[in-house]
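Trainee: Here it is, the structure, as structure tokens.
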Amino acid sequence: VARWRRQCVDALPAAPVSDPVAADLMAGTGEIWPILLARHPEIQAITAIDISHQMHLHALDRLHRDRSDQIEHIEADFLSNELPSGFADCAISSFGLKTLNKDQQASFARELARILKPGGVFSLIEASDPRGWWLRPLYRFYLDRVLPLIERLFLEGAQDFSMLGIYTRKVQDCSHIAACMKDQGLEVDQSRYFFGCATGLVGRKRSDPG
């Protein structure tokens with residue numbers, strides 16, 4: 001997962017300005033922030049958007065205390081946020097898309113297009129279902145059976161592991177959300193990581209409506 005986050009950051013296109021405003025969408029506990037700031041030191045601050053109050057507290061108090069001056073937290077649902085239009089030069093998101101149904105994916109794409117400035121760029125990554133891979137049955141067994149068992153035995157109260165198999169079956173290879181982004185006028189390229197176990201979506205908002 002850490003490697004996929006690095007690949008997500010490496011795939012982020014160059015922002016259209018020298019001192020970009022960055023946004024982390026559905027930010028969680030911000031595991032991607034150290035990678036993003038190291039790879040793009042020109043980013044002075046990151047606006048992190050997440051609906052969970054506990055995620056914000058955990059991110060700042062335990063994981064990123066030394067970066068608190070570079071991270072602005074907004075506790076909000078990104079699908080219905082109050083960020084101004086044209087807010088960000090670049091946007092990133094890691095492993096938050098899988099929880100969205102198809103209507104929510106369309107809302108995500110609409111909001112992404114809205115908050116990006118013309119010429120703004122984005123890079124997103126999500127776990128996916130590696131259909132066509134000859135080891136897929138073994139991988140599905142790991143997601144559907146082994147991870148929930150690990151959660152029950154060792155991670156009481158967690159839910160992410162037990163739901164990962166269900167989520168990846170729903171999101172498949174992110175083609176639907178990519179289509180939603182194109183419907184919003186965004187340029188989008190899809191990439192497969194590790195035989196399709198993760199999918200990257202990279203692109204930009206056109207500088208002009210045409």
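To be explicit about the labels: the chains of the structure tokens are called A, B, and onward in the order shown, and within each one the residues are counted from 1, while ligands get numbers from 1 in the order they are shown.
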With only C-alpha atoms counted and 12 Å as the cut-off, give the residues of region 90-175 of chain A in contact with region 34-56 of chain A, each with its shortest interatomic distance in Å and the pair that gives it, as a Markdown table.
Mentor:
```
| residue | atom | partner | partner_atom | distance |
| --- | --- | --- | --- | --- |
| A:Cys90 | CA | A:Ile43 | CA | 9.6 |
| A:Ala91 | CA | A:Ile46 | CA | 9.3 |
| A:Ile92 | CA | A:Leu36 | CA | 9.0 |
| A:Ser93 | CA | A:Ala48 | CA | 9.8 |
| A:Ser94 | CA | A:Leu36 | CA | 11.5 |
| A:Gly96 | CA | A:Asp50 | CA | 9.7 |
| A:Ile115 | CA | A:Thr47 | CA | 11.8 |
| A:Ser123 | CA | A:Leu36 | CA | 11.0 |
```
Trainee: Which residues in region 39-182 of chain A does DSSP call helix (DSSP H, G or I)? List them as a PyMOL selection string.
Mentor: chain A and resi 39+53-63+65-67+78-80+97-99+102-115+136-154+160-171+175-182
Trainee: So that each row is one residue of region 16-121 of chain A with an atom at most 9 Å from region 180-200 of chain A, can you give its shortest atom pair and the distance in Å to one decimal, using only C-alpha atoms, rows by chain and rising number, as CSV?
Mentor:
```
residue,atom,partner,partner_atom,distance
A:Gln105,CA,A:Cys180,CA,7.2
A:Ala106,CA,A:Cys180,CA,5.4
A:Ser107,CA,A:Cys180,CA,8.6
A:Phe108,CA,A:Met181,CA,8.5
A:Ala109,CA,A:Met181,CA,4.9
A:Arg110,CA,A:Gln184,CA,6.1
A:Leu112,CA,A:Met181,CA,8.2
A:Ala113,CA,A:Gln184,CA,6.4
A:Arg114,CA,A:Gln184,CA,8.9
```
Trainee: Suppose you want the space between CA of Asp129 (chain A) and CA of Arg152 (chain A); what is it in Å?
Mentor: 23.0 Å
Trainee: Kindly indicate which residue among A:Ala22, A:Ser207, A:Trp4, A:Val146 lies nearest to Gln70 (chain A), using only C-alpha atoms for the distances.
Mentor: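 Smallest distance to Gln70 (chain A) is found for A:Ala22.
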Trainee: Quick one: distance from CA of Phe122 (chain A) to CA of Glu75 (chain A) in Å, one decimal?
Mentor: 20.9 Å
Trainee: Go through chain A and collect every residue that DSSP, computed from the backbone, puts in strand (DSSP E or B); the answer should be as a VMD selection string.
Mentor: chain A and resid 22 to 25 46 to 50 71 to 75 88 to 94 116 to 127 186 to 193 198 to 205
Trainee: Using only C-alpha atoms, which residue out of A:Leu116, A:Leu201, A:Met163, A:Ala59 lies closest to Ser85 (chain A)?
Mentor: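 Going through A:Leu116, A:Leu201, A:Met163, A:Ala59 one by one, the smallest distance to Ser85 (chain A) is for A:Leu116.
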Trainee: Figure out the distance between CA of Leu124 (chain A) and CA of Leu143 (chain A), please, to one decimal in Å.
Mentor: 21.4 Å
